[in-house]
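Chemist: Please find my_file_14.cif (mmCIF, C-alpha atoms) on the next line:
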data_query
#
loop_
_atom_site.label_atom_id
_atom_site.label_comp_id
_atom_site.auth_asym_id
_atom_site.auth_seq_id
_atom_site.Cartn_x
_atom_site.Cartn_y
_atom_site.Cartn_z
CA MET A 1 -84.87 -213.87 -89.22
CA ALA A 2 -82.73 -213.34 -92.30
CA SER A 3 -80.29 -210.46 -92.27
CA THR A 4 -77.58 -209.10 -94.54
CA GLN A 5 -74.06 -208.34 -93.34
CA LEU A 6 -72.91 -204.89 -94.38
CA PHE A 7 -69.45 -204.64 -92.83
CA SER A 8 -67.19 -205.69 -89.97
CA VAL A 9 -64.82 -203.55 -87.88
CA PRO A 10 -61.98 -205.26 -85.98
CA ILE A 11 -61.37 -204.45 -82.30
CA PRO A 12 -57.58 -204.47 -81.80
CA PRO A 13 -56.17 -206.34 -78.80
CA ARG A 14 -54.60 -204.73 -75.74
CA ALA A 15 -52.73 -206.55 -72.95
CA SER A 16 -55.12 -209.11 -71.44
CA HIS A 17 -57.91 -208.16 -73.84
CA PRO A 18 -57.72 -210.25 -77.03
CA GLY A 19 -59.74 -207.88 -79.19
CA GLY A 20 -62.64 -208.93 -81.36
CA SER A 21 -65.00 -207.43 -83.89
CA ILE A 22 -68.14 -205.38 -84.47
CA VAL A 23 -70.34 -206.82 -87.22
CA CYS A 24 -73.11 -204.80 -88.84
CA THR A 25 -76.16 -206.62 -90.21
CA THR A 26 -79.61 -205.47 -91.31
CA PRO A 27 -82.43 -207.53 -89.75
CA ALA A 28 -84.87 -205.10 -91.40
CA PRO A 29 -84.53 -202.34 -93.99
CA ARG A 30 -82.47 -199.42 -92.61
CA VAL A 31 -82.12 -201.09 -89.22
CA TYR A 32 -78.39 -201.44 -88.53
CA LEU A 33 -77.62 -204.10 -85.94
CA LEU A 34 -74.10 -203.76 -84.51
CA THR A 35 -73.10 -207.00 -82.78
CA PHE A 36 -69.94 -206.52 -80.72
CA THR A 37 -67.81 -209.43 -79.56
CA SER A 38 -64.74 -208.76 -77.42
CA PRO A 39 -63.99 -211.66 -75.04
CA ASN A 40 -64.28 -212.27 -72.24
CA ASP A 41 -66.95 -209.73 -71.38
CA ASN A 42 -66.85 -206.75 -73.77
CA ARG A 43 -64.75 -204.40 -71.64
CA LEU A 44 -64.71 -200.78 -72.75
CA THR A 45 -61.04 -200.46 -73.70
CA PRO A 46 -59.81 -197.57 -75.89
CA GLU A 47 -59.68 -200.00 -78.80
CA PHE A 48 -63.27 -201.10 -78.21
CA CYS A 49 -64.43 -197.47 -78.09
CA GLY A 50 -62.46 -196.57 -81.22
CA ALA A 51 -63.82 -199.50 -83.22
CA PHE A 52 -67.35 -198.61 -82.23
CA MET A 53 -66.83 -194.99 -83.25
CA ALA A 54 -65.62 -196.21 -86.65
CA ALA A 55 -68.72 -198.40 -87.04
CA LEU A 56 -70.98 -195.45 -86.24
CA ASP A 57 -69.10 -193.31 -88.77
CA ILE A 58 -69.63 -195.94 -91.50
CA ILE A 59 -73.36 -196.02 -90.81
CA GLU A 60 -73.74 -192.25 -90.64
CA PHE A 61 -71.65 -191.40 -93.68
CA GLU A 62 -72.16 -194.40 -95.99
CA GLN A 63 -75.66 -195.69 -95.25
CA GLU A 64 -79.16 -194.27 -95.50
CA PRO A 65 -80.55 -192.80 -92.27
CA GLY A 66 -82.28 -195.39 -90.15
CA VAL A 67 -81.95 -196.94 -86.69
CA VAL A 68 -78.83 -198.26 -84.94
CA VAL A 69 -79.22 -201.26 -82.64
CA THR A 70 -76.35 -202.58 -80.54
CA THR A 71 -76.08 -205.99 -78.89
CA SER A 72 -73.47 -208.43 -77.67
CA GLY A 73 -72.18 -211.51 -79.42
CA ILE A 74 -71.31 -212.93 -75.97
CA PRO A 75 -74.56 -214.31 -74.50
CA LYS A 76 -73.64 -213.82 -70.83
CA PHE A 77 -72.57 -210.17 -71.08
CA TYR A 78 -73.82 -207.07 -72.85
CA SER A 79 -70.78 -205.38 -71.32
CA ASN A 80 -69.02 -205.73 -67.98
CA GLY A 81 -67.87 -202.11 -68.15
CA LEU A 82 -64.34 -200.79 -67.79
CA ASP A 83 -61.08 -202.46 -67.04
CA LEU A 84 -60.72 -200.14 -64.07
CA GLU A 85 -57.00 -200.73 -63.54
CA LEU A 86 -56.34 -199.91 -67.18
CA ALA A 87 -58.65 -196.90 -67.09
CA MET A 88 -56.94 -195.42 -64.04
CA THR A 89 -53.42 -195.82 -65.40
CA LEU A 90 -53.82 -195.12 -69.10
CA PRO A 91 -53.14 -191.47 -70.03
CA ARG A 92 -56.17 -189.66 -71.40
CA PHE A 93 -58.45 -192.70 -71.26
CA TRP A 94 -61.41 -190.77 -69.90
CA GLU A 95 -61.37 -187.60 -71.99
CA GLY A 96 -59.67 -189.22 -74.99
CA ALA A 97 -61.65 -192.45 -75.38
CA LEU A 98 -64.58 -193.13 -73.04
CA TYR A 99 -66.26 -189.73 -72.86
CA PRO A 100 -66.16 -189.08 -76.64
CA PHE A 101 -67.58 -192.60 -77.14
CA PHE A 102 -70.55 -191.93 -74.86
CA ARG A 103 -71.00 -188.47 -76.37
CA ARG A 104 -71.15 -189.95 -79.88
CA PHE A 105 -74.09 -192.12 -78.90
CA LEU A 106 -75.81 -189.31 -77.05
CA THR A 107 -75.76 -187.04 -80.12
CA PHE A 108 -75.90 -189.64 -82.92
CA PRO A 109 -78.22 -188.27 -85.65
CA MET A 110 -80.36 -191.42 -85.82
CA PRO A 111 -82.32 -193.31 -83.16
CA THR A 112 -80.20 -195.78 -81.19
CA ILE A 113 -81.40 -198.85 -79.30
CA ALA A 114 -79.41 -201.02 -76.89
CA LEU A 115 -80.53 -204.64 -76.99
CA ILE A 116 -79.23 -205.74 -73.58
CA ASN A 117 -78.83 -209.51 -73.88
CA GLY A 118 -76.67 -210.19 -70.82
CA HIS A 119 -75.18 -208.52 -67.76
CA ALA A 120 -74.73 -204.76 -68.11
CA PHE A 121 -72.61 -203.70 -65.15
CA ALA A 122 -71.07 -200.28 -64.39
CA GLY A 123 -69.80 -198.89 -67.71
CA GLY A 124 -71.95 -201.47 -69.52
CA ILE A 125 -75.24 -200.01 -68.29
CA MET A 126 -73.79 -196.52 -68.82
CA LEU A 127 -73.22 -197.40 -72.47
CA ALA A 128 -76.83 -198.59 -72.76
CA MET A 129 -78.12 -195.44 -71.05
CA HIS A 130 -76.43 -193.26 -73.68
CA HIS A 131 -78.67 -194.90 -76.30
CA ASP A 132 -82.10 -193.42 -76.99
CA TYR A 133 -83.96 -196.64 -76.16
CA ARG A 134 -83.22 -199.88 -74.35
CA VAL A 135 -84.69 -203.36 -74.75
CA PHE A 136 -83.74 -206.00 -72.17
CA THR A 137 -83.98 -209.68 -73.06
CA GLY A 138 -86.08 -211.65 -70.59
CA SER A 139 -85.83 -215.21 -69.24
CA GLY A 140 -83.35 -214.23 -66.52
CA LYS A 141 -80.64 -213.24 -68.98
CA GLY A 142 -78.53 -210.91 -66.92
CA PHE A 143 -78.82 -207.90 -64.65
CA ALA A 144 -78.31 -204.16 -65.07
CA CYS A 145 -76.34 -202.64 -62.23
CA VAL A 146 -74.24 -199.59 -61.31
CA ASN A 147 -71.93 -201.50 -58.98
CA GLU A 148 -69.17 -198.97 -58.27
CA LEU A 149 -70.23 -199.15 -54.62
CA GLU A 150 -69.23 -202.82 -54.50
CA PHE A 151 -65.63 -202.25 -55.57
CA GLY A 152 -65.08 -198.89 -53.92
CA ALA A 153 -64.98 -196.64 -56.96
CA PRO A 154 -66.41 -193.10 -57.14
CA LEU A 155 -68.78 -192.07 -59.92
CA PRO A 156 -67.43 -188.95 -61.67
CA PRO A 157 -69.89 -186.33 -62.95
CA PRO A 158 -69.53 -187.22 -66.67
CA LEU A 159 -70.67 -190.77 -65.86
CA ALA A 160 -73.30 -189.88 -63.27
CA GLY A 161 -74.93 -187.22 -65.44
CA ILE A 162 -76.83 -189.59 -67.72
CA PHE A 163 -78.64 -191.24 -64.79
CA ARG A 164 -79.83 -187.86 -63.52
CA LEU A 165 -81.33 -187.14 -66.94
CA LYS A 166 -82.86 -190.54 -67.68
CA THR A 167 -83.99 -191.98 -64.33
CA THR A 168 -86.12 -190.74 -61.45
CA PRO A 169 -84.39 -189.66 -58.21
CA LEU A 170 -85.55 -192.82 -56.41
CA VAL A 171 -84.28 -195.11 -59.18
CA TYR A 172 -81.03 -193.15 -59.29
CA ARG A 173 -80.63 -193.67 -55.55
CA SER A 174 -81.25 -197.41 -55.86
CA LEU A 175 -78.82 -197.70 -58.76
CA VAL A 176 -75.94 -195.76 -57.22
CA LEU A 177 -76.27 -195.91 -53.44
CA GLU A 178 -77.64 -199.46 -53.21
CA ALA A 179 -76.02 -201.02 -56.29
CA LYS A 180 -79.38 -202.66 -56.93
CA ARG A 181 -79.38 -205.33 -59.61
CA TYR A 182 -82.27 -204.96 -62.02
CA ASP A 183 -83.49 -207.91 -64.05
CA ALA A 184 -85.50 -207.23 -67.20
CA LYS A 185 -88.89 -207.02 -65.46
CA ALA A 186 -87.63 -204.71 -62.69
CA ALA A 187 -85.77 -202.53 -65.21
CA LEU A 188 -88.96 -202.10 -67.23
CA GLU A 189 -90.99 -201.20 -64.13
CA ALA A 190 -88.32 -198.65 -63.12
CA GLY A 191 -88.30 -197.04 -66.57
CA ILE A 192 -84.68 -197.97 -67.19
CA VAL A 193 -85.66 -199.90 -70.32
CA ASP A 194 -88.50 -199.42 -72.80
CA ALA A 195 -89.36 -203.04 -73.55
CA VAL A 196 -88.52 -206.63 -72.68
CA GLY A 197 -87.75 -209.15 -75.40
CA GLU A 198 -85.38 -210.20 -78.17
CA ILE A 199 -84.74 -208.68 -81.59
CA ASP A 200 -88.44 -209.02 -82.45
CA ALA A 201 -89.24 -206.67 -79.57
CA VAL A 202 -86.69 -204.21 -80.97
CA LEU A 203 -88.25 -204.32 -84.43
CA LYS A 204 -91.71 -203.90 -82.90
CA LEU A 205 -90.48 -200.80 -81.04
CA VAL A 206 -88.97 -199.44 -84.26
CA GLN A 207 -92.20 -199.98 -86.17
CA GLU A 208 -94.61 -198.72 -83.51
CA ARG A 209 -92.67 -195.49 -82.97
CA GLY A 210 -91.79 -194.93 -86.62
CA LEU A 211 -88.11 -194.69 -85.75
CA VAL A 212 -86.66 -195.44 -89.18
CA GLU A 213 -87.79 -192.05 -90.49
CA LYS A 214 -86.78 -189.95 -87.48
CA GLY A 215 -83.25 -189.27 -88.65
CA THR A 216 -84.10 -188.28 -92.23
CA LYS A 217 -84.79 -184.56 -91.68
CA GLY A 218 -81.37 -183.54 -90.40
CA SER A 219 -82.46 -182.28 -86.98
CA TYR A 220 -82.52 -185.45 -84.88
CA GLY A 221 -78.96 -185.11 -83.59
CA LEU A 222 -79.46 -181.40 -82.90
CA LEU A 223 -82.60 -182.08 -80.89
CA LYS A 224 -80.76 -184.70 -78.85
CA ALA A 225 -77.85 -182.34 -78.26
CA GLU A 226 -80.23 -179.79 -76.73
CA MET A 227 -82.17 -182.41 -74.77
CA TYR A 228 -79.01 -183.81 -73.16
CA ARG A 229 -76.89 -180.65 -73.08
CA GLU A 230 -76.08 -180.97 -69.35
CA SER A 231 -74.61 -184.41 -69.82
CA ILE A 232 -72.83 -183.39 -73.03
CA ALA A 233 -71.17 -180.49 -71.22
CA LEU A 234 -69.83 -182.91 -68.62
CA LEU A 235 -68.59 -185.34 -71.27
CA ASP A 236 -66.80 -182.49 -73.06
CA VAL A 237 -64.33 -181.97 -70.21
CA LYS A 238 -60.72 -181.49 -71.19
CA GLU A 239 -57.68 -182.66 -69.27
CA ALA A 240 -57.96 -180.09 -66.50
CA GLY A 241 -61.54 -181.10 -65.80
CA VAL A 242 -61.02 -184.83 -65.55
CA VAL A 243 -61.78 -186.33 -62.16
CA ASP A 244 -58.57 -187.51 -60.48
CA PHE A 245 -59.53 -190.72 -58.68
CA SER A 246 -56.33 -190.79 -56.64
CA GLU A 247 -56.97 -187.23 -55.46
CA LEU A 248 -60.54 -188.13 -54.51
CA ARG A 249 -59.37 -191.11 -52.47
CA ALA A 250 -56.61 -189.07 -50.83
CA GLY A 251 -59.18 -186.43 -49.88
CA PHE A 252 -61.43 -188.99 -48.23
CA LYS A 253 -58.47 -190.43 -46.32
CA ARG A 254 -57.44 -186.97 -45.12
CA ASN A 255 -60.99 -186.27 -44.03
CA LYS A 256 -61.09 -189.54 -42.08
CA VAL A 257 -57.88 -188.73 -40.21
CA GLU A 258 -58.97 -185.13 -39.55
CA GLY A 259 -62.44 -186.25 -38.52
CA LYS A 260 -61.12 -188.70 -35.96
CA GLU A 261 -58.95 -185.94 -34.53
CA ARG A 262 -61.96 -183.61 -34.27
CA VAL A 263 -63.97 -186.28 -32.45
CA LYS A 264 -61.03 -186.93 -30.10
CA LYS A 265 -60.76 -183.24 -29.26
CA TRP A 266 -64.49 -182.95 -28.75
CA ARG A 267 -64.49 -185.87 -26.31
CA GLU A 268 -61.53 -184.38 -24.44
CA SER A 269 -63.40 -181.08 -24.12
CA GLN A 270 -66.45 -182.90 -22.77
CA ASP A 271 -64.32 -184.74 -20.23
CA GLN A 272 -62.82 -181.44 -19.04
CA LYS A 273 -66.29 -179.91 -18.66
CA ALA A 274 -67.43 -182.94 -16.66
CA LYS A 275 -64.54 -182.47 -14.20
CA LEU A 276 -65.45 -178.84 -13.50
#
For the structure just supplied, provide its representation as C-alpha cells.
Modeler:
Amino acid sequence: MASTQLFSVPIPPRASHPGGSIVCTTPAPRVYLLTFTSPNDNRLTPEFCGAFMAALDIIEFEQEPGVVVTTSGIPKFYSNGLDLELAMTLPRFWEGALYPFFRRFLTFPMPTIALINGHAFAGGIMLAMHHDYRVFTGSGKGFACVNELEFGAPLPPPLAGIFRLKTTPLVYRSLVLEAKRYDAKAALEAGIVDAVGEIDAVLKLVQERGLVEKGTKGSYGLLKAEMYRESIALLDVKEAGVVDFSELRAGFKRNKVEGKERVKKWRESQDQKAKL
C-alpha cells in the first residue's frame, strides 16, 4: 500500500538507549501513521516520550484533522515498556515525562489507534491503552501483558487507572494479579483490542466507524477529557503526589517484620493459655 512520508522526528539517545526516530506517513488520506523505531525494544525513555509529543504537536497544529495510528518499526516489539532502573532514579521522570505523554494521548483531539505489531509489555500495553482504539496483528506476533508482578514492581494509581476505565474487573484482575499474557485472539475476546489484523484492519476500522471526520468539529478532545477524567486527574499529579516506590517497598518490609512479631506474640499467648 503506497504511502507518503510527511515528516520524521529524531529520538535522542540516552545511556544504553541508542535513540531512533518517529516517521509519519499517510497510508490513506488524513490517516497519520507514526512508526516509532528505538532499538532494542522501544523503551519509554524521556527522550522517546518527548519525541512522540513533538510528533503529535506537528499533526495537531500543521495537518488537517484526521486519525493518528501508531506502530513499531521493530517487528518483535510494539514496546517493552519502561527502563525501570532509569525511571526510578531519574528526577521527575514520572510527572515530567511519562504521565504527560500518556495524558496527551488520552486527550488528543483526534481518534488514535495503536497497531500492536509485537510484544506490548508493562508500559507498552499502557501506552496502547491510552489510545482510543487498538488493533493487534495476528499470526502469533507478540503478547500483551501487564507483567509488573513478575519483576516485583507496584502499579501506581496513574498507571492503573486506565485499566479500570477500559477493561472489565475480571480482565483487570487477570492482567494485574495474574500477569496473563494475551495473544491477539484472547485480547479481542477480552475486549482489550477492537480488531485483529494488519494496517488493512486499521483502515477498515477507520472507514467503518467514520473516524476521519470525528476530530473536525472541535469537541473530540473535550469529550475524551470528560470521559476519562478520573484517569486524567491521576496523571496530573505534581511532585508531592508521585508514588515513591522506595517508600512503598519500605512499608511492605516494615509490615512483614511487624506482622511476624504479631504472630509470634499471638502464639506465645496461646501457649500461655494452654498451660493454665
Chemist: Quick one: residues within 10 Å of Asn42 in chain A, only C-alpha atoms, excluding same-chain residues fewer than 6 positions away - as a PDB file with C-alpha atoms, keeping the file's coordinate frame?
Modeler:
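part-v3.pdb, freshly written:
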ATOM      1  CA  HIS A  17     -57.910-208.160 -73.840  1.00  0.00           C
ATOM      2  CA  GLY A  19     -59.740-207.880 -79.190  1.00  0.00           C
ATOM      3  CA  GLY A  20     -62.640-208.930 -81.360  1.00  0.00           C
ATOM      4  CA  PHE A  36     -69.940-206.520 -80.720  1.00  0.00           C
ATOM      5  CA  PHE A  48     -63.270-201.100 -78.210  1.00  0.00           C
ATOM      6  CA  SER A  72     -73.470-208.430 -77.670  1.00  0.00           C
ATOM      7  CA  GLY A  73     -72.180-211.510 -79.420  1.00  0.00           C
ATOM      8  CA  ILE A  74     -71.310-212.930 -75.970  1.00  0.00           C
ATOM      9  CA  PHE A  77     -72.570-210.170 -71.080  1.00  0.00           C
ATOM     10  CA  TYR A  78     -73.820-207.070 -72.850  1.00  0.00           C
ATOM     11  CA  SER A  79     -70.780-205.380 -71.320  1.00  0.00           C
ATOM     12  CA  ASN A  80     -69.020-205.730 -67.980  1.00  0.00           C
ATOM     13  CA  GLY A  81     -67.870-202.110 -68.150  1.00  0.00           C
ATOM     14  CA  LEU A  82     -64.340-200.790 -67.790  1.00  0.00           C
ATOM     15  CA  ASP A  83     -61.080-202.460 -67.040  1.00  0.00           C
ATOM     16  CA  ALA A 120     -74.730-204.760 -68.110  1.00  0.00           C
ATOM     17  CA  GLY A 124     -71.950-201.470 -69.520  1.00  0.00           C
TER      18      GLY A 124
END
Chemist: Counting all atoms listed in the file, figure out which residue out of A:Met227, A:Val31, A:Ser8, A:Thr167 gets nearest to Lys204 in chain A.
Modeler: A:Val31
Chemist: Could you list the residues chosen by the PyMOL selection byres ((chain A and resi 23) around 9) in this structure as a PyMOL selection string?
Modeler: chain A and resi 5-10+21-22+24-25+33-37+55
Chemist: Convert the output of the PyMOL selection byres ((chain A and resi 102) around 12) on the shown file into explicit residues, formatted as a PyMOL selection string.
Modeler: chain A and resi 44+49-50+52-53+56+94-101+103-108+123-132+158-159+161-162+228+231-232+234-236
Chemist: Which is closest to Asp41 in chain A among A:Glu60, A:Ala160, A:Pro109, A:Phe121, if we use only C-alpha atoms?
Modeler: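 Distance minimum relative to Asp41 in chain A lands on A:Phe121.
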Chemist: Quick one: pull the distance between CA of Asp194 in chain A and CA of Asn117 in chain A, Å, one decimal.
Modeler: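 Distance reported for this atom pair: 14.0 Å.
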Chemist: Evaluating the PyMOL selection byres ((chain A and resi 151) around 12) on the displayed file yields which residues, as a PyMOL selection string?
Modeler: chain A and resi 84-85+121-122+146-150+152-155+179
Chemist: Find the residue from A:Pro169, A:Pro46, A:Asp57, A:Gly138 that sits nearest to Lys185 in chain A; use all atoms listed in the file when measuring.
Modeler: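 Using all atoms listed in the file, the shortest distance to Lys185 in chain A belongs to A:Gly138.
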Chemist: One decimal, in Å: what's the spacing between CA of Met88 in chain A and CA of Arg14 in chain A?
Modeler: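 CA of Arg14 in chain A lies 15.1 Å from CA of Met88 in chain A.
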Chemist: Excluding Glu213 in chain A and its own-chain neighbours fewer than 5 positions away, which residues fall within 9 Å of it when counting only C-alpha atoms? Please give them as a JSON list (two decimals) with C-alpha atoms, in the coordinates of the input.
Modeler:
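This is the output file out16.json:
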[["chain", "number", "residue", "atom", "x", "y", "z"],
["A", 65, "PRO", "CA", -80.55, -192.80, -92.27],
["A", 66, "GLY", "CA", -82.28, -195.39, -90.15],
["A", 67, "VAL", "CA", -81.95, -196.94, -86.69],
["A", 110, "MET", "CA", -80.36, -191.42, -85.82]]
Chemist: Which protein, DNA or RNA residues are at most 12 Å from (-88.4, -198.0, -66.2) in the file's coordinates when you count all atoms listed in the file, listed as a PDB file with C-alpha atoms, in the coordinates of the input?
Modeler:
ATOM      1  CA  MET A 129     -78.120-195.440 -71.050  1.00  0.00           C
ATOM      2  CA  TYR A 133     -83.960-196.640 -76.160  1.00  0.00           C
ATOM      3  CA  ARG A 134     -83.220-199.880 -74.350  1.00  0.00           C
ATOM      4  CA  VAL A 135     -84.690-203.360 -74.750  1.00  0.00           C
ATOM      5  CA  PHE A 136     -83.740-206.000 -72.170  1.00  0.00           C
ATOM      6  CA  ALA A 144     -78.310-204.160 -65.070  1.00  0.00           C
ATOM      7  CA  PHE A 163     -78.640-191.240 -64.790  1.00  0.00           C
ATOM      8  CA  LYS A 166     -82.860-190.540 -67.680  1.00  0.00           C
ATOM      9  CA  THR A 167     -83.990-191.980 -64.330  1.00  0.00           C
ATOM     10  CA  THR A 168     -86.120-190.740 -61.450  1.00  0.00           C
ATOM     11  CA  LEU A 170     -85.550-192.820 -56.410  1.00  0.00           C
ATOM     12  CA  VAL A 171     -84.280-195.110 -59.180  1.00  0.00           C
ATOM     13  CA  TYR A 172     -81.030-193.150 -59.290  1.00  0.00           C
ATOM     14  CA  TYR A 182     -82.270-204.960 -62.020  1.00  0.00           C
ATOM     15  CA  ASP A 183     -83.490-207.910 -64.050  1.00  0.00           C
ATOM     16  CA  ALA A 184     -85.500-207.230 -67.200  1.00  0.00           C
ATOM     17  CA  LYS A 185     -88.890-207.020 -65.460  1.00  0.00           C
ATOM     18  CA  ALA A 186     -87.630-204.710 -62.690  1.00  0.00           C
ATOM     19  CA  ALA A 187     -85.770-202.530 -65.210  1.00  0.00           C
ATOM     20  CA  LEU A 188     -88.960-202.100 -67.230  1.00  0.00           C
ATOM     21  CA  GLU A 189     -90.990-201.200 -64.130  1.00  0.00           C
ATOM     22  CA  ALA A 190     -88.320-198.650 -63.120  1.00  0.00           C
ATOM     23  CA  GLY A 191     -88.300-197.040 -66.570  1.00  0.00           C
ATOM     24  CA  ILE A 192     -84.680-197.970 -67.190  1.00  0.00           C
ATOM     25  CA  VAL A 193     -85.660-199.900 -70.320  1.00  0.00           C
ATOM     26  CA  ASP A 194     -88.500-199.420 -72.800  1.00  0.00           C
ATOM     27  CA  ALA A 195     -89.360-203.040 -73.550  1.00  0.00           C
ATOM     28  CA  VAL A 196     -88.520-206.630 -72.680  1.00  0.00           C
TER      29      VAL A 196
END
Chemist: Near Gly142 in chain A, within 7 Å and counting all atoms listed in the file, which residues show up once chain neighbours fewer than 5 positions away are dropped, as a PyMOL selection string?
Modeler: chain A and resi 76+118-119+183
Chemist: In Å, rounded to a single decimal, give me how far CA of Pro39 in chain A is from CA of Pro157 in chain A.
Modeler: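 For CA of Pro157 in chain A relative to CA of Pro39 in chain A, the distance reads 28.7 Å.
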Chemist: Put the listed atoms of range 104-114 of chain A in a box along x, y and z with 6 Å added on every side and give me the centre and edge lengths in Å to one decimal, as JSON.
Modeler:
{"center_x": -76.7, "center_y": -194.0, "center_z": -81.4, "size_x": 23.2, "size_y": 26.0, "size_z": 20.9}
Chemist: May I ask which of the residues A:Glu208, A:Val257, A:Lys265, A:Leu165 is the closest one to Arg229 in chain A, counting only C-alpha atoms?
Modeler: A:Leu165
